[in-house]
file entry_33.cif (mmCIF, N, CA and C atoms)
data_model
#
loop_
_atom_site.label_atom_id
_atom_site.label_comp_id
_atom_site.auth_asym_id
_atom_site.auth_seq_id
_atom_site.Cartn_x
_atom_site.Cartn_y
_atom_site.Cartn_z
N ALA A 248 85.08 57.81 51.56
CA ALA A 248 83.79 58.35 51.17
C ALA A 248 83.37 59.43 52.15
N GLY A 249 82.74 60.48 51.66
CA GLY A 249 82.25 61.55 52.51
C GLY A 249 82.31 62.89 51.83
N PRO A 250 82.02 63.95 52.57
CA PRO A 250 82.03 65.29 51.99
C PRO A 250 83.45 65.77 51.70
N VAL A 251 83.61 66.50 50.59
CA VAL A 251 84.89 67.05 50.19
C VAL A 251 84.67 68.49 49.74
N ALA A 252 85.52 69.40 50.22
CA ALA A 252 85.45 70.80 49.79
C ALA A 252 86.86 71.26 49.42
N VAL A 253 86.97 71.95 48.29
CA VAL A 253 88.24 72.53 47.85
C VAL A 253 87.99 74.02 47.67
N THR A 254 88.73 74.84 48.41
CA THR A 254 88.53 76.29 48.38
C THR A 254 89.86 77.01 48.17
N VAL A 255 89.78 78.24 47.67
CA VAL A 255 90.94 79.10 47.49
C VAL A 255 90.76 80.32 48.37
N HIS A 256 91.83 80.67 49.12
CA HIS A 256 91.78 81.79 50.06
C HIS A 256 92.93 82.75 49.77
N ASP A 257 92.72 84.04 50.08
CA ASP A 257 93.82 85.00 49.94
C ASP A 257 94.70 84.94 51.18
N LEU A 258 95.75 85.76 51.21
CA LEU A 258 96.70 85.72 52.32
C LEU A 258 96.08 86.10 53.66
N ALA A 259 94.99 86.86 53.62
CA ALA A 259 94.29 87.24 54.85
C ALA A 259 93.32 86.16 55.32
N GLY A 260 93.20 85.08 54.54
CA GLY A 260 92.31 83.99 54.91
C GLY A 260 90.91 84.12 54.38
N ARG A 261 90.63 85.18 53.62
CA ARG A 261 89.29 85.37 53.06
C ARG A 261 89.05 84.41 51.91
N LEU A 262 87.84 83.88 51.84
CA LEU A 262 87.47 82.96 50.78
C LEU A 262 87.45 83.71 49.45
N VAL A 263 88.18 83.21 48.47
CA VAL A 263 88.18 83.78 47.13
C VAL A 263 87.21 83.01 46.24
N ARG A 264 87.30 81.67 46.32
CA ARG A 264 86.45 80.85 45.46
C ARG A 264 86.32 79.45 46.03
N THR A 265 85.15 78.87 45.90
CA THR A 265 84.93 77.46 46.22
C THR A 265 85.01 76.70 44.91
N LEU A 266 85.97 75.79 44.81
CA LEU A 266 86.14 75.03 43.59
C LEU A 266 85.21 73.83 43.53
N THR A 267 85.04 73.17 44.65
CA THR A 267 84.12 72.04 44.70
C THR A 267 83.67 71.82 46.14
N SER A 268 82.46 71.40 46.28
CA SER A 268 81.91 71.03 47.57
C SER A 268 80.89 69.92 47.30
N VAL A 269 81.35 68.69 47.40
CA VAL A 269 80.53 67.55 46.99
C VAL A 269 80.63 66.42 48.00
N TYR A 270 79.79 65.45 47.82
CA TYR A 270 79.89 64.20 48.57
C TYR A 270 80.46 63.18 47.59
N THR A 271 81.54 62.51 47.98
CA THR A 271 82.21 61.59 47.07
C THR A 271 82.16 60.16 47.60
N ALA A 272 82.29 59.23 46.69
CA ALA A 272 82.29 57.82 47.05
C ALA A 272 83.68 57.34 47.47
N GLY A 273 84.65 58.24 47.53
CA GLY A 273 85.98 57.87 47.98
C GLY A 273 87.00 57.75 46.87
N ASP A 274 86.59 57.94 45.62
CA ASP A 274 87.56 57.86 44.54
C ASP A 274 88.32 59.18 44.39
N ARG A 275 89.38 59.15 43.60
CA ARG A 275 90.19 60.35 43.39
C ARG A 275 89.47 61.30 42.44
N GLY A 276 89.84 62.57 42.56
CA GLY A 276 89.25 63.57 41.68
C GLY A 276 90.23 64.71 41.46
N THR A 277 89.85 65.65 40.65
CA THR A 277 90.67 66.82 40.39
C THR A 277 89.84 68.07 40.52
N ALA A 278 90.53 69.17 40.79
CA ALA A 278 89.89 70.48 40.83
C ALA A 278 90.87 71.46 40.21
N SER A 279 90.37 72.38 39.41
CA SER A 279 91.24 73.39 38.83
C SER A 279 90.62 74.76 39.05
N TRP A 280 91.48 75.76 39.12
CA TRP A 280 91.05 77.14 39.36
C TRP A 280 91.42 77.97 38.15
N ASP A 281 90.46 78.70 37.61
CA ASP A 281 90.70 79.52 36.43
C ASP A 281 91.21 80.93 36.77
N GLY A 282 91.53 81.18 38.04
CA GLY A 282 92.07 82.47 38.43
C GLY A 282 91.01 83.53 38.65
N ARG A 283 89.76 83.12 38.77
CA ARG A 283 88.67 84.08 38.99
C ARG A 283 88.09 83.91 40.39
N ASP A 284 87.52 85.01 40.90
CA ASP A 284 86.90 84.94 42.22
C ASP A 284 85.47 84.41 42.08
N ARG A 285 84.74 84.37 43.18
CA ARG A 285 83.39 83.80 43.14
C ARG A 285 82.39 84.65 42.37
N ASN A 286 82.76 85.90 42.04
CA ASN A 286 81.90 86.76 41.23
C ASN A 286 82.30 86.77 39.76
N GLY A 287 83.29 85.96 39.40
CA GLY A 287 83.72 85.86 38.02
C GLY A 287 84.77 86.87 37.61
N ARG A 288 85.23 87.69 38.55
CA ARG A 288 86.27 88.68 38.24
C ARG A 288 87.65 88.04 38.35
N ALA A 289 88.58 88.51 37.53
CA ALA A 289 89.95 88.00 37.58
C ALA A 289 90.59 88.36 38.91
N ALA A 290 91.18 87.39 39.57
CA ALA A 290 91.89 87.63 40.82
C ALA A 290 93.26 88.22 40.51
N ALA A 291 93.78 88.98 41.44
CA ALA A 291 95.11 89.58 41.26
C ALA A 291 96.18 88.51 41.30
N ALA A 292 97.25 88.74 40.56
CA ALA A 292 98.39 87.84 40.62
C ALA A 292 98.95 87.87 42.04
N GLY A 293 99.42 86.74 42.51
CA GLY A 293 99.99 86.69 43.85
C GLY A 293 99.89 85.31 44.46
N VAL A 294 100.06 85.26 45.77
CA VAL A 294 100.06 84.01 46.52
C VAL A 294 98.68 83.78 47.13
N TYR A 295 98.22 82.56 47.04
CA TYR A 295 96.93 82.15 47.60
C TYR A 295 97.13 80.82 48.32
N PHE A 296 96.11 80.42 49.04
CA PHE A 296 96.12 79.13 49.70
C PHE A 296 94.96 78.29 49.16
N CYS A 297 95.26 77.05 48.82
CA CYS A 297 94.25 76.10 48.38
C CYS A 297 94.01 75.14 49.54
N ARG A 298 92.77 74.99 49.94
CA ARG A 298 92.44 74.16 51.11
C ARG A 298 91.53 73.02 50.69
N LEU A 299 91.93 71.81 51.08
CA LEU A 299 91.14 70.60 50.85
C LEU A 299 90.64 70.12 52.21
N VAL A 300 89.33 70.00 52.35
CA VAL A 300 88.73 69.54 53.61
C VAL A 300 87.87 68.33 53.31
N THR A 301 88.14 67.24 54.04
CA THR A 301 87.30 66.04 53.94
C THR A 301 86.65 65.83 55.30
N GLY A 302 85.87 64.79 55.40
CA GLY A 302 85.20 64.53 56.67
C GLY A 302 86.15 64.26 57.81
N SER A 303 87.36 63.77 57.50
CA SER A 303 88.28 63.38 58.57
C SER A 303 89.60 64.16 58.58
N SER A 304 89.86 65.00 57.59
CA SER A 304 91.14 65.71 57.57
C SER A 304 91.05 67.00 56.76
N ALA A 305 92.09 67.81 56.89
CA ALA A 305 92.19 69.05 56.12
C ALA A 305 93.65 69.26 55.76
N GLU A 306 93.87 69.84 54.59
CA GLU A 306 95.22 70.12 54.13
C GLU A 306 95.21 71.44 53.37
N THR A 307 96.24 72.25 53.60
CA THR A 307 96.36 73.55 52.95
C THR A 307 97.69 73.61 52.20
N ARG A 308 97.66 74.10 50.97
CA ARG A 308 98.87 74.27 50.17
C ARG A 308 98.94 75.69 49.66
N LYS A 309 100.15 76.21 49.59
CA LYS A 309 100.38 77.54 49.04
C LYS A 309 100.47 77.42 47.53
N ILE A 310 99.77 78.32 46.82
CA ILE A 310 99.82 78.33 45.36
C ILE A 310 100.10 79.75 44.89
N ALA A 311 100.59 79.89 43.69
CA ALA A 311 100.86 81.21 43.12
C ALA A 311 100.05 81.38 41.84
N LEU A 312 99.40 82.52 41.71
CA LEU A 312 98.69 82.88 40.48
C LEU A 312 99.58 83.86 39.74
N VAL A 313 100.05 83.45 38.57
CA VAL A 313 100.95 84.26 37.77
C VAL A 313 100.20 84.67 36.51
N ARG A 314 100.20 85.93 36.24
CA ARG A 314 99.52 86.44 35.03
C ARG A 314 100.52 86.90 34.02
#
call {"tool": "encode", "arguments": {"input": "entry_33.cif", "output": "structure tokens"}}
result
Amino acid sequence: AGPVAVTVHDLAGRLVRTLTSVYTAGDRGTASWDGRDRNGRAAAAGVYFCRLVTGSSAETRKIALVR
């Protein structure tokens, strides 16, 4: 249980979009990205990083946006 944030970043580390930032009771959840930035514009095809941050840990995964 605790705060959870899922964000998408470009290769330079800039925030592209926040997918979720909530307080959870500890159960599992899902987050999906529609390929748009925080202003609603389509992001360019390429490599991005998806970052999951909880109160006690953080994990980053490389993802590819293919158009």
call {"tool": "resolve_selection", "arguments": {"input": "entry_33.cif", "expression": "the PyMOL selection byres ((chain A and resi 285) around 6.5)", "output": "list in words"}}
result
Val263, Arg264, Thr265, Arg283, Asp284, Asn286, Gly287 and Arg288 of chain A
call {"tool": "atom_distance", "arguments": {"input": "entry_33.cif", "atom1": "CA of Ala290 (chain A)", "atom2": "CA of Ile310 (chain A)"}}
result
13.0 Å
call {"tool": "resolve_selection", "arguments": {"input": "entry_33.cif", "expression": "the PyMOL selection byres ((chain A and resi 297) around 8)", "output": "count of residues only"}}
result
17
call {"tool": "closest_residue", "arguments": {"input": "entry_33.cif", "among": "A:Ala291, A:Ala248, A:Leu312, A:Leu258", "to": "Tyr270 (chain A)", "atoms": "only C-alpha atoms"}}
result
A:Ala248
call {"tool": "resolve_selection", "arguments": {"input": "entry_33.cif", "expression": "the PyMOL selection byres ((chain A and resi 249) around 7)", "output": "VMD selection string"}}
result
chain A and resid 248 250 to 251 269 to 273 301 to 302
call {"tool": "select_by_dssp", "arguments": {"input": "entry_33.cif", "residues": "region 252-312 of chain A", "states": "strand (DSSP E or B)", "output": "count of residues only"}}
result
34
call {"tool": "atom_distance", "arguments": {"input": "entry_33.cif", "atom1": "CA of Gly293 (chain A)", "atom2": "CA of Ser268 (chain A)"}}
result
24.2 Å
call {"tool": "axis_aligned_box", "arguments": {"input": "entry_33.cif", "around": "region 307-310 of chain A", "padding_each_side": "3 Å", "output": "JSON"}}
result
{"center_x": 98.4, "center_y": 76.0, "center_z": 49.2, "size_x": 10.2, "size_y": 13.5, "size_z": 14.7}
call {"tool": "atom_distance", "arguments": {"input": "entry_33.cif", "atom1": "CA of Ala278 (chain A)", "atom2": "CA of Arg314 (chain A)"}}
result
19.5 Å
call {"tool": "build_atoms", "arguments": {"input": "entry_33.cif", "residues": "region 258-270 of chain A", "atoms": "N, CA, C and O atoms", "output": "tab-separated table (two decimals), in the coordinates of the input"}}
result
chain	number	residue	atom	x	y	z
A	258	LEU	N	95.75	85.76	51.21
A	258	LEU	CA	96.70	85.72	52.32
A	258	LEU	C	96.08	86.10	53.66
A	258	LEU	O	96.56	85.70	54.72
A	259	ALA	N	94.99	86.86	53.62
A	259	ALA	CA	94.29	87.24	54.85
A	259	ALA	C	93.32	86.16	55.32
A	259	ALA	O	92.69	86.30	56.36
A	260	GLY	N	93.20	85.08	54.54
A	260	GLY	CA	92.31	83.99	54.91
A	260	GLY	C	90.91	84.12	54.38
A	260	GLY	O	90.06	83.27	54.65
A	261	ARG	N	90.63	85.18	53.62
A	261	ARG	CA	89.29	85.37	53.06
A	261	ARG	C	89.05	84.41	51.91
A	261	ARG	O	89.94	84.16	51.10
A	262	LEU	N	87.84	83.88	51.84
A	262	LEU	CA	87.47	82.96	50.78
A	262	LEU	C	87.45	83.71	49.45
A	262	LEU	O	86.78	84.74	49.32
A	263	VAL	N	88.18	83.21	48.47
A	263	VAL	CA	88.18	83.78	47.13
A	263	VAL	C	87.21	83.01	46.24
A	263	VAL	O	86.40	83.59	45.53
A	264	ARG	N	87.30	81.67	46.32
A	264	ARG	CA	86.45	80.85	45.46
A	264	ARG	C	86.32	79.45	46.03
A	264	ARG	O	87.27	78.90	46.58
A	265	THR	N	85.15	78.87	45.90
A	265	THR	CA	84.93	77.46	46.22
A	265	THR	C	85.01	76.70	44.91
A	265	THR	O	84.24	76.95	43.99
A	266	LEU	N	85.97	75.79	44.81
A	266	LEU	CA	86.14	75.03	43.59
A	266	LEU	C	85.21	73.83	43.53
A	266	LEU	O	84.69	73.49	42.48
A	267	THR	N	85.04	73.17	44.65
A	267	THR	CA	84.12	72.04	44.70
A	267	THR	C	83.67	71.82	46.14
A	267	THR	O	84.40	72.07	47.08
A	268	SER	N	82.46	71.40	46.28
A	268	SER	CA	81.91	71.03	47.57
A	268	SER	C	80.89	69.92	47.30
A	268	SER	O	79.74	70.20	46.96
A	269	VAL	N	81.35	68.69	47.40
A	269	VAL	CA	80.53	67.55	46.99
A	269	VAL	C	80.63	66.42	48.00
A	269	VAL	O	81.49	66.42	48.86
A	270	TYR	N	79.79	65.45	47.82
A	270	TYR	CA	79.89	64.20	48.57
A	270	TYR	C	80.46	63.18	47.59
A	270	TYR	O	79.95	63.02	46.48
